[in-house]
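Shown here: query-v7.pdb, PDB, C-alpha atoms.
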ATOM      1  CA  ASP A   1    -168.509 -74.464  62.304  1.00  0.00           C
ATOM      2  CA  LEU A   2    -172.037 -74.756  63.649  1.00  0.00           C
ATOM      3  CA  GLY A   3    -172.751 -76.834  66.706  1.00  0.00           C
ATOM      4  CA  ARG A   4    -176.075 -77.990  68.102  1.00  0.00           C
ATOM      5  CA  ALA A   5    -179.144 -75.851  67.648  1.00  0.00           C
ATOM      6  CA  GLY A   6    -177.247 -73.372  65.516  1.00  0.00           C
ATOM      7  CA  GLU A   7    -174.642 -72.521  68.174  1.00  0.00           C
ATOM      8  CA  GLU A   8    -171.353 -71.440  66.695  1.00  0.00           C
ATOM      9  CA  ARG A   9    -168.376 -73.605  67.659  1.00  0.00           C
ATOM     10  CA  VAL A  10    -164.880 -72.257  67.415  1.00  0.00           C
ATOM     11  CA  LEU A  11    -162.353 -74.664  65.999  1.00  0.00           C
ATOM     12  CA  MET A  12    -159.086 -74.498  67.922  1.00  0.00           C
ATOM     13  CA  ARG A  13    -156.045 -76.055  66.368  1.00  0.00           C
ATOM     14  CA  ILE A  14    -153.540 -77.768  68.614  1.00  0.00           C
ATOM     15  CA  TYR A  15    -150.647 -76.577  66.496  1.00  0.00           C
ATOM     16  CA  THR A  16    -149.852 -72.908  65.963  1.00  0.00           C
ATOM     17  CA  ARG A  17    -146.385 -73.118  64.388  1.00  0.00           C
ATOM     18  CA  THR A  18    -145.337 -70.152  66.560  1.00  0.00           C
ATOM     19  CA  GLY A  19    -142.939 -72.356  68.533  1.00  0.00           C
ATOM     20  CA  ASP A  20    -141.120 -73.807  65.553  1.00  0.00           C
ATOM     21  CA  GLY A  21    -138.170 -71.479  66.154  1.00  0.00           C
ATOM     22  CA  GLY A  22    -137.641 -72.596  69.751  1.00  0.00           C
ATOM     23  CA  GLU A  23    -139.710 -69.918  71.468  1.00  0.00           C
ATOM     24  CA  THR A  24    -142.967 -70.129  73.371  1.00  0.00           C
ATOM     25  CA  GLY A  25    -145.314 -67.602  74.879  1.00  0.00           C
ATOM     26  CA  LEU A  26    -145.860 -66.936  78.557  1.00  0.00           C
ATOM     27  CA  LEU A  27    -149.274 -65.777  79.723  1.00  0.00           C
ATOM     28  CA  GLY A  28    -149.643 -62.403  78.120  1.00  0.00           C
ATOM     29  CA  SER A  29    -147.552 -61.610  75.082  1.00  0.00           C
ATOM     30  CA  LEU A  30    -143.974 -62.183  76.312  1.00  0.00           C
ATOM     31  CA  ARG A  31    -142.095 -64.830  74.310  1.00  0.00           C
ATOM     32  CA  VAL A  32    -139.118 -66.729  75.722  1.00  0.00           C
ATOM     33  CA  GLN A  33    -136.885 -69.615  74.668  1.00  0.00           C
ATOM     34  CA  LYS A  34    -138.397 -73.046  75.336  1.00  0.00           C
ATOM     35  CA  ASP A  35    -135.495 -73.895  77.643  1.00  0.00           C
ATOM     36  CA  HIS A  36    -136.075 -70.807  79.835  1.00  0.00           C
ATOM     37  CA  ILE A  37    -136.071 -71.612  83.568  1.00  0.00           C
ATOM     38  CA  ARG A  38    -139.704 -70.513  83.855  1.00  0.00           C
ATOM     39  CA  ILE A  39    -140.752 -72.933  81.105  1.00  0.00           C
ATOM     40  CA  ALA A  40    -138.726 -75.699  82.782  1.00  0.00           C
ATOM     41  CA  ALA A  41    -140.440 -75.010  86.123  1.00  0.00           C
ATOM     42  CA  TYR A  42    -144.003 -75.175  84.867  1.00  0.00           C
ATOM     43  CA  GLY A  43    -143.123 -78.035  82.527  1.00  0.00           C
ATOM     44  CA  GLU A  44    -141.937 -80.110  85.496  1.00  0.00           C
ATOM     45  CA  VAL A  45    -145.140 -79.265  87.379  1.00  0.00           C
ATOM     46  CA  ASP A  46    -147.126 -80.341  84.316  1.00  0.00           C
ATOM     47  CA  GLU A  47    -145.269 -83.661  84.207  1.00  0.00           C
ATOM     48  CA  LEU A  48    -145.953 -84.140  87.913  1.00  0.00           C
ATOM     49  CA  ASN A  49    -149.641 -83.513  87.263  1.00  0.00           C
ATOM     50  CA  ALA A  50    -149.615 -86.176  84.537  1.00  0.00           C
ATOM     51  CA  GLN A  51    -147.894 -88.616  86.910  1.00  0.00           C
ATOM     52  CA  LEU A  52    -150.637 -87.999  89.471  1.00  0.00           C
ATOM     53  CA  GLY A  53    -153.204 -88.754  86.768  1.00  0.00           C
ATOM     54  CA  LEU A  54    -151.478 -92.098  86.227  1.00  0.00           C
ATOM     55  CA  LEU A  55    -151.364 -92.708  89.974  1.00  0.00           C
ATOM     56  CA  ARG A  56    -155.107 -92.062  90.214  1.00  0.00           C
ATOM     57  CA  VAL A  57    -155.739 -94.881  87.728  1.00  0.00           C
ATOM     58  CA  GLY A  58    -154.329 -97.337  90.266  1.00  0.00           C
ATOM     59  CA  ALA A  59    -155.634 -95.711  93.432  1.00  0.00           C
ATOM     60  CA  SER A  60    -157.966 -98.221  95.056  1.00  0.00           C
ATOM     61  CA  SER A  61    -159.367 -95.771  97.573  1.00  0.00           C
ATOM     62  CA  PRO A  62    -162.032 -93.224  96.600  1.00  0.00           C
ATOM     63  CA  GLY A  63    -160.652 -90.923  99.297  1.00  0.00           C
ATOM     64  CA  VAL A  64    -157.158 -91.064  97.824  1.00  0.00           C
ATOM     65  CA  ASP A  65    -158.537 -90.483  94.333  1.00  0.00           C
ATOM     66  CA  LEU A  66    -160.479 -87.448  95.548  1.00  0.00           C
ATOM     67  CA  HIS A  67    -157.446 -86.039  97.354  1.00  0.00           C
ATOM     68  CA  LEU A  68    -155.197 -86.588  94.322  1.00  0.00           C
ATOM     69  CA  GLY A  69    -157.792 -84.879  92.125  1.00  0.00           C
ATOM     70  CA  ARG A  70    -157.685 -81.821  94.375  1.00  0.00           C
ATOM     71  CA  ILE A  71    -153.888 -81.831  94.233  1.00  0.00           C
ATOM     72  CA  GLN A  72    -154.042 -82.025  90.435  1.00  0.00           C
ATOM     73  CA  GLY A  73    -156.303 -78.982  90.363  1.00  0.00           C
ATOM     74  CA  LEU A  74    -153.887 -77.061  92.555  1.00  0.00           C
ATOM     75  CA  LEU A  75    -150.930 -78.149  90.410  1.00  0.00           C
ATOM     76  CA  PHE A  76    -152.775 -76.828  87.365  1.00  0.00           C
ATOM     77  CA  GLU A  77    -153.130 -73.473  89.148  1.00  0.00           C
ATOM     78  CA  ILE A  78    -149.440 -73.560  90.115  1.00  0.00           C
ATOM     79  CA  GLY A  79    -148.522 -74.170  86.484  1.00  0.00           C
ATOM     80  CA  THR A  80    -150.639 -71.200  85.466  1.00  0.00           C
ATOM     81  CA  GLU A  81    -148.964 -69.035  88.112  1.00  0.00           C
ATOM     82  CA  LEU A  82    -145.522 -70.120  86.936  1.00  0.00           C
ATOM     83  CA  ALA A  83    -146.458 -69.501  83.290  1.00  0.00           C
ATOM     84  CA  GLY A  84    -146.920 -65.812  83.967  1.00  0.00           C
ATOM     85  CA  PRO A  85    -144.336 -63.238  82.945  1.00  0.00           C
ATOM     86  CA  PRO A  86    -141.379 -62.471  85.247  1.00  0.00           C
ATOM     87  CA  GLY A  87    -142.447 -60.815  88.474  1.00  0.00           C
ATOM     88  CA  SER A  88    -145.972 -62.194  88.260  1.00  0.00           C
ATOM     89  CA  VAL A  89    -145.594 -64.777  91.074  1.00  0.00           C
ATOM     90  CA  LYS A  90    -147.314 -63.106  94.012  1.00  0.00           C
ATOM     91  CA  PRO A  91    -147.634 -64.038  97.699  1.00  0.00           C
ATOM     92  CA  ALA A  92    -151.375 -64.554  97.187  1.00  0.00           C
ATOM     93  CA  GLY A  93    -150.799 -66.931  94.309  1.00  0.00           C
ATOM     94  CA  ALA A  94    -152.157 -70.384  93.591  1.00  0.00           C
ATOM     95  CA  VAL A  95    -150.991 -71.937  96.859  1.00  0.00           C
ATOM     96  CA  ARG A  96    -151.935 -70.647 100.296  1.00  0.00           C
ATOM     97  CA  ALA A  97    -150.565 -71.528 103.730  1.00  0.00           C
ATOM     98  CA  ALA A  98    -153.767 -73.504 104.314  1.00  0.00           C
ATOM     99  CA  ASP A  99    -152.899 -75.781 101.370  1.00  0.00           C
ATOM    100  CA  VAL A 100    -149.584 -76.627 103.020  1.00  0.00           C
ATOM    101  CA  THR A 101    -151.354 -77.270 106.337  1.00  0.00           C
ATOM    102  CA  ASN A 102    -153.955 -79.464 104.609  1.00  0.00           C
ATOM    103  CA  ILE A 103    -151.378 -81.699 102.990  1.00  0.00           C
ATOM    104  CA  GLU A 104    -149.511 -81.983 106.295  1.00  0.00           C
ATOM    105  CA  GLY A 105    -152.774 -83.157 107.859  1.00  0.00           C
ATOM    106  CA  GLU A 106    -153.164 -85.779 105.154  1.00  0.00           C
ATOM    107  CA  ILE A 107    -149.595 -86.975 105.749  1.00  0.00           C
ATOM    108  CA  ASP A 108    -150.320 -87.290 109.471  1.00  0.00           C
ATOM    109  CA  ARG A 109    -153.558 -89.168 108.789  1.00  0.00           C
ATOM    110  CA  LEU A 110    -151.864 -91.717 106.520  1.00  0.00           C
ATOM    111  CA  GLU A 111    -148.860 -92.134 108.830  1.00  0.00           C
ATOM    112  CA  ALA A 112    -151.184 -92.983 111.712  1.00  0.00           C
ATOM    113  CA  GLU A 113    -152.328 -96.055 109.745  1.00  0.00           C
ATOM    114  CA  ILE A 114    -148.886 -97.491 108.903  1.00  0.00           C
ATOM    115  CA  ALA A 115    -145.929 -98.777 110.892  1.00  0.00           C
ATOM    116  CA  PRO A 116    -143.239 -96.236 111.753  1.00  0.00           C
ATOM    117  CA  LEU A 117    -140.366 -96.091 109.306  1.00  0.00           C
ATOM    118  CA  THR A 118    -137.273 -97.730 110.825  1.00  0.00           C
ATOM    119  CA  LYS A 119    -135.063 -98.226 107.759  1.00  0.00           C
ATOM    120  CA  PHE A 120    -134.599 -97.069 104.207  1.00  0.00           C
ATOM    121  CA  ILE A 121    -136.987 -98.684 101.744  1.00  0.00           C
ATOM    122  CA  LEU A 122    -136.751 -99.335  98.043  1.00  0.00           C
ATOM    123  CA  PRO A 123    -139.329 -97.643  95.819  1.00  0.00           C
ATOM    124  CA  GLY A 124    -141.838-100.192  94.625  1.00  0.00           C
ATOM    125  CA  GLY A 125    -144.101-102.818  96.074  1.00  0.00           C
ATOM    126  CA  SER A 126    -147.578-102.677  94.643  1.00  0.00           C
ATOM    127  CA  GLU A 127    -148.148-101.039  91.270  1.00  0.00           C
ATOM    128  CA  ALA A 128    -149.945 -98.098  92.872  1.00  0.00           C
ATOM    129  CA  ALA A 129    -147.106 -97.584  95.366  1.00  0.00           C
ATOM    130  CA  ALA A 130    -144.526 -97.716  92.579  1.00  0.00           C
ATOM    131  CA  ARG A 131    -146.508 -95.026  90.739  1.00  0.00           C
ATOM    132  CA  ALA A 132    -146.569 -92.909  93.904  1.00  0.00           C
ATOM    133  CA  HIS A 133    -142.788 -93.257  94.254  1.00  0.00           C
ATOM    134  CA  LEU A 134    -142.289 -92.217  90.628  1.00  0.00           C
ATOM    135  CA  ALA A 135    -144.572 -89.211  91.171  1.00  0.00           C
ATOM    136  CA  ARG A 136    -142.502 -88.344  94.273  1.00  0.00           C
ATOM    137  CA  CYS A 137    -139.314 -88.286  92.187  1.00  0.00           C
ATOM    138  CA  VAL A 138    -140.943 -86.079  89.557  1.00  0.00           C
ATOM    139  CA  CYS A 139    -142.193 -83.818  92.361  1.00  0.00           C
ATOM    140  CA  ARG A 140    -138.631 -83.423  93.677  1.00  0.00           C
ATOM    141  CA  ARG A 141    -137.471 -82.526  90.153  1.00  0.00           C
ATOM    142  CA  ALA A 142    -140.251 -79.941  89.885  1.00  0.00           C
ATOM    143  CA  GLU A 143    -139.211 -78.558  93.250  1.00  0.00           C
ATOM    144  CA  ARG A 144    -135.605 -78.177  92.044  1.00  0.00           C
ATOM    145  CA  ALA A 145    -136.819 -76.373  88.898  1.00  0.00           C
ATOM    146  CA  VAL A 146    -138.889 -73.963  90.998  1.00  0.00           C
ATOM    147  CA  VAL A 147    -135.870 -73.357  93.283  1.00  0.00           C
ATOM    148  CA  ARG A 148    -133.820 -72.361  90.200  1.00  0.00           C
ATOM    149  CA  LEU A 149    -136.596 -70.014  89.081  1.00  0.00           C
ATOM    150  CA  MET A 150    -137.016 -68.438  92.500  1.00  0.00           C
ATOM    151  CA  ARG A 151    -133.266 -67.922  92.794  1.00  0.00           C
ATOM    152  CA  THR A 152    -133.527 -65.482  89.875  1.00  0.00           C
ATOM    153  CA  GLU A 153    -137.039 -64.246  90.674  1.00  0.00           C
ATOM    154  CA  PRO A 154    -137.532 -64.302  94.461  1.00  0.00           C
ATOM    155  CA  SER A 155    -141.103 -64.741  95.607  1.00  0.00           C
ATOM    156  CA  GLU A 156    -143.113 -65.085  98.782  1.00  0.00           C
ATOM    157  CA  SER A 157    -145.266 -67.725  97.109  1.00  0.00           C
ATOM    158  CA  PHE A 158    -146.028 -70.972  98.963  1.00  0.00           C
ATOM    159  CA  VAL A 159    -145.367 -73.027  95.807  1.00  0.00           C
ATOM    160  CA  LEU A 160    -141.956 -74.244  96.917  1.00  0.00           C
ATOM    161  CA  GLN A 161    -143.148 -75.178 100.398  1.00  0.00           C
ATOM    162  CA  TYR A 162    -146.150 -77.000  98.931  1.00  0.00           C
ATOM    163  CA  LEU A 163    -144.049 -79.014  96.485  1.00  0.00           C
ATOM    164  CA  ASN A 164    -141.739 -79.991  99.339  1.00  0.00           C
ATOM    165  CA  ARG A 165    -144.694 -81.284 101.379  1.00  0.00           C
ATOM    166  CA  LEU A 166    -146.243 -82.922  98.339  1.00  0.00           C
ATOM    167  CA  SER A 167    -143.176 -85.093  97.827  1.00  0.00           C
ATOM    168  CA  ASP A 168    -143.385 -86.106 101.497  1.00  0.00           C
ATOM    169  CA  TYR A 169    -147.070 -86.909 101.012  1.00  0.00           C
ATOM    170  CA  LEU A 170    -146.322 -89.062  97.968  1.00  0.00           C
ATOM    171  CA  PHE A 171    -143.694 -91.014  99.926  1.00  0.00           C
ATOM    172  CA  VAL A 172    -146.122 -91.674 102.773  1.00  0.00           C
ATOM    173  CA  LEU A 173    -148.899 -92.445 100.291  1.00  0.00           C
ATOM    174  CA  ALA A 174    -146.677 -95.075  98.633  1.00  0.00           C
ATOM    175  CA  ARG A 175    -146.113 -96.708 102.011  1.00  0.00           C
ATOM    176  CA  TRP A 176    -149.837 -96.530 102.799  1.00  0.00           C
ATOM    177  CA  LEU A 177    -150.745 -98.042  99.424  1.00  0.00           C
ATOM    178  CA  ASN A 178    -148.360-100.938 100.075  1.00  0.00           C
ATOM    179  CA  HIS A 179    -149.875-101.391 103.520  1.00  0.00           C
ATOM    180  CA  GLN A 180    -153.383-101.463 102.001  1.00  0.00           C
ATOM    181  CA  ALA A 181    -152.241-104.068  99.456  1.00  0.00           C
ATOM    182  CA  ASN A 182    -150.511-106.137 102.182  1.00  0.00           C
ATOM    183  CA  VAL A 183    -147.175-105.714 100.437  1.00  0.00           C
ATOM    184  CA  ILE A 184    -144.097-105.812 102.664  1.00  0.00           C
ATOM    185  CA  GLU A 185    -141.654-102.975 102.092  1.00  0.00           C
TER
END
Output the file's structure in the form of structure tokens.
Amino acid sequence: DLGRAGEERVLMRIYTRTGDGGETGLLGSLRVQKDHIRIAAYGEVDELNAQLGLLRVGASSPGVDLHLGRIQGLLFEIGTELAGPPGSVKPAGAVRAADVTNIEGEIDRLEAEIAPLTKFILPGGSEAAARAHLARCVCRRAERAVVRLMRTEPSESFVLQYLNRLSDYLFVLARWLNHQANVIE
């Protein structure tokens, strides 16, 4: 296929038929069953990333949108790290200690703008807050999937710590979004 000005464009098909038997490929050439714990882990992270995309649609703050976009980029890198063959998750992987510190700083910043939590709250409120709560639940599921993976393939990666903080961030973000929308929890 020729593109503009004679440039050659490569047509990539979305379907390959190589997974029709229940297997999929990890980065590299290793093939595993689609229900492998590694596939489950990066699949949950992918779903979390999609939930954050939905949350961004309703984020009324440019700062929140920017922050969520950065998180999505990091989640994409985490998914790539998790999609590698066994033993490929390294201490200097997608997530660094600074990423954990940064999200803790964002949690602290948002918490400074809302009333202290004195009771359990129901997920919901404004539409954006409800989306943040749903993303938090998906984040916890992704965290559990990564725990299962790391039980069989121990790693010094910061992925697990980051996902744990990310779910905390999404909880605080939901509260902050309700506060911004003047919705009582």
Report, in Å with one decimal, the straight-line distance from CA of Ala145 (chain A) to CA of Val45 (chain A).
8.9 Å
What does the structure give for the distance between CA of Gln72 (chain A) and CA of Leu52 (chain A), in Å to one decimal?
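Calculated distance between CA of Gln72 (chain A) and CA of Leu52 (chain A) is 6.9 Å.
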When distances are computed from only C-alpha atoms, which of A:Ala174, A:Gly73, A:Arg31, A:Gln180 shows the smallest separation from Ala130 (chain A)?
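The answer is A:Ala174, which sits nearest to Ala130 (chain A).
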Nearest-residue call for Ile71 (chain A), choices A:Asn49, A:Val57, A:Thr16, A:Ser157, using only C-alpha atoms:
A:Asn49
If you count all atoms listed in the file, which residues fall within 10 Å of Arg136 (chain A), apart from same-chain ones fewer than 5 positions away, as an MDAnalysis selection string?
chainID A and resid 48 51:52 123 130:131 141:142 163:164 166:174
For Arg96 (chain A), which residue among A:Gly43, A:Tyr162, A:Leu11, A:Leu55 is the nearest when counting all atoms listed in the file?
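The shortest atom-to-atom distance to Arg96 (chain A) comes from A:Tyr162.
Using all atoms listed in the file, the shortest contact distance between Leu149 (chain A) and any of A:Ala135, A:Ala41, A:Ile121, A:Leu30 is found at A:Ala41.
Straight-line separation from CA of Leu74 (chain A) to CA of Val95 (chain A): 7.3 Å.
Every protein, DNA or RNA residue with an atom at most 10 Å from Glu81 (chain A), where only C-alpha atoms count and chain neighbours fewer than 3 positions away do not, is listed here: Leu27, Tyr42, Leu75, Phe76, Glu77, Ile78, Gly84, Pro85, Ser88, Val89, Lys90, Gly93, Ala94, Val95, Ser157 and Val159 of chain A.
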Residue IDs satisfying the PyMOL selection byres ((chain A and resi 126) around 9), as a PyMOL selection string
chain A and resi 124-125+127-131+174+177-178+181-183
Polymer residues at most 10 Å from Arg56 (chain A), all atoms listed in the file, same-chain spacing of 5 or more positions, as number ranges by chain
A: 50-51, 61-62, 64-69, 128, 131-132
Store the residues picked out above in a file with C-alpha atoms, as a short mmCIF file (atom, residue, chain, number, x, y, z; two decimals), in the frame of the given file.
data_model
loop_
_atom_site.label_atom_id
_atom_site.label_comp_id
_atom_site.auth_asym_id
_atom_site.auth_seq_id
_atom_site.Cartn_x
_atom_site.Cartn_y
_atom_site.Cartn_z
CA ALA A 50 -149.62 -86.18 84.54
CA GLN A 51 -147.89 -88.62 86.91
CA SER A 61 -159.37 -95.77 97.57
CA PRO A 62 -162.03 -93.22 96.60
CA VAL A 64 -157.16 -91.06 97.82
CA ASP A 65 -158.54 -90.48 94.33
CA LEU A 66 -160.48 -87.45 95.55
CA HIS A 67 -157.45 -86.04 97.35
CA LEU A 68 -155.20 -86.59 94.32
CA GLY A 69 -157.79 -84.88 92.12
CA ALA A 128 -149.94 -98.10 92.87
CA ARG A 131 -146.51 -95.03 90.74
CA ALA A 132 -146.57 -92.91 93.90
#
Of the candidates A:Glu106, A:Asp46, A:Glu111, A:Asp35, which one gets nearest to Arg175 (chain A) if we count all atoms listed in the file?
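Residue with the minimum atom-to-atom distance to Arg175 (chain A): A:Glu111.
Counting all atoms listed in the file, the residue from A:Arg151, A:Arg140, A:His179, A:His36 that sits nearest to Arg165 (chain A) is A:Arg140.
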Reconstructed N, CA, C and O atoms for region 116-138 of chain A, given as a tab-separated table (two decimals), in the coordinates of the input:
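File produced: out_30.tsv:
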chain	number	residue	atom	x	y	z
A	116	PRO	N	-144.29	-97.27	111.85
A	116	PRO	CA	-143.24	-96.24	111.75
A	116	PRO	C	-142.09	-96.71	110.86
A	116	PRO	O	-141.78	-97.90	110.80
A	117	LEU	N	-141.48	-95.79	110.19
A	117	LEU	CA	-140.37	-96.09	109.31
A	117	LEU	C	-139.11	-96.28	110.15
A	117	LEU	O	-138.75	-95.41	110.94
A	118	THR	N	-138.46	-97.44	110.02
A	118	THR	CA	-137.27	-97.73	110.82
A	118	THR	C	-136.03	-97.96	109.97
A	118	THR	O	-134.95	-98.14	110.50
A	119	LYS	N	-136.20	-97.99	108.65
A	119	LYS	CA	-135.06	-98.23	107.76
A	119	LYS	C	-135.38	-97.62	106.40
A	119	LYS	O	-136.52	-97.25	106.13
A	120	PHE	N	-134.36	-97.53	105.57
A	120	PHE	CA	-134.60	-97.07	104.21
A	120	PHE	C	-135.37	-98.15	103.46
A	120	PHE	O	-135.18	-99.34	103.71
A	121	ILE	N	-136.21	-97.72	102.54
A	121	ILE	CA	-136.99	-98.68	101.74
A	121	ILE	C	-136.73	-98.43	100.27
A	121	ILE	O	-136.42	-97.30	99.86
A	122	LEU	N	-136.87	-99.47	99.49
A	122	LEU	CA	-136.75	-99.34	98.04
A	122	LEU	C	-138.09	-98.90	97.47
A	122	LEU	O	-139.14	-99.36	97.91
A	123	PRO	N	-138.07	-98.01	96.47
A	123	PRO	CA	-139.33	-97.64	95.82
A	123	PRO	C	-139.92	-98.86	95.12
A	123	PRO	O	-139.20	-99.60	94.46
A	124	GLY	N	-141.18	-99.07	95.28
A	124	GLY	CA	-141.84	-100.19	94.62
A	124	GLY	C	-142.89	-100.81	95.50
A	124	GLY	O	-143.53	-100.13	96.30
A	125	GLY	N	-143.05	-102.11	95.36
A	125	GLY	CA	-144.10	-102.82	96.07
A	125	GLY	C	-145.26	-103.04	95.14
A	125	GLY	O	-145.10	-103.60	94.06
A	126	SER	N	-146.41	-102.56	95.52
A	126	SER	CA	-147.58	-102.68	94.64
A	126	SER	C	-147.43	-101.70	93.47
A	126	SER	O	-146.62	-100.77	93.52
A	127	GLU	N	-148.22	-101.93	92.43
A	127	GLU	CA	-148.15	-101.04	91.27
A	127	GLU	C	-148.51	-99.61	91.66
A	127	GLU	O	-147.85	-98.65	91.24
A	128	ALA	N	-149.53	-99.45	92.46
A	128	ALA	CA	-149.94	-98.10	92.87
A	128	ALA	C	-148.84	-97.42	93.68
A	128	ALA	O	-148.57	-96.22	93.49
A	129	ALA	N	-148.19	-98.16	94.57
A	129	ALA	CA	-147.11	-97.58	95.37
A	129	ALA	C	-145.94	-97.20	94.47
A	129	ALA	O	-145.32	-96.14	94.67
A	130	ALA	N	-145.62	-98.04	93.50
A	130	ALA	CA	-144.53	-97.72	92.58
A	130	ALA	C	-144.84	-96.43	91.81
A	130	ALA	O	-143.96	-95.59	91.59
A	131	ARG	N	-146.10	-96.26	91.43
A	131	ARG	CA	-146.51	-95.03	90.74
A	131	ARG	C	-146.37	-93.82	91.67
A	131	ARG	O	-145.98	-92.73	91.23
A	132	ALA	N	-146.71	-94.00	92.94
A	132	ALA	CA	-146.57	-92.91	93.90
A	132	ALA	C	-145.10	-92.54	94.08
A	132	ALA	O	-144.75	-91.36	94.17
A	133	HIS	N	-144.22	-93.54	94.14
A	133	HIS	CA	-142.79	-93.26	94.25
A	133	HIS	C	-142.27	-92.51	93.03
A	133	HIS	O	-141.47	-91.58	93.15
A	134	LEU	N	-142.71	-92.92	91.84
A	134	LEU	CA	-142.29	-92.22	90.63
A	134	LEU	C	-142.79	-90.77	90.65
A	134	LEU	O	-142.04	-89.84	90.32
A	135	ALA	N	-144.03	-90.57	91.07
A	135	ALA	CA	-144.57	-89.21	91.17
A	135	ALA	C	-143.77	-88.39	92.18
A	135	ALA	O	-143.52	-87.20	91.97
A	136	ARG	N	-143.33	-89.03	93.27
A	136	ARG	CA	-142.50	-88.34	94.27
A	136	ARG	C	-141.20	-87.85	93.65
A	136	ARG	O	-140.78	-86.71	93.87
A	137	CYS	N	-140.57	-88.68	92.83
A	137	CYS	CA	-139.31	-88.29	92.19
A	137	CYS	C	-139.54	-87.12	91.22
A	137	CYS	O	-138.74	-86.18	91.17
A	138	VAL	N	-140.62	-87.17	90.47
A	138	VAL	CA	-140.94	-86.08	89.56
A	138	VAL	C	-141.25	-84.81	90.35
A	138	VAL	O	-140.87	-83.71	89.96
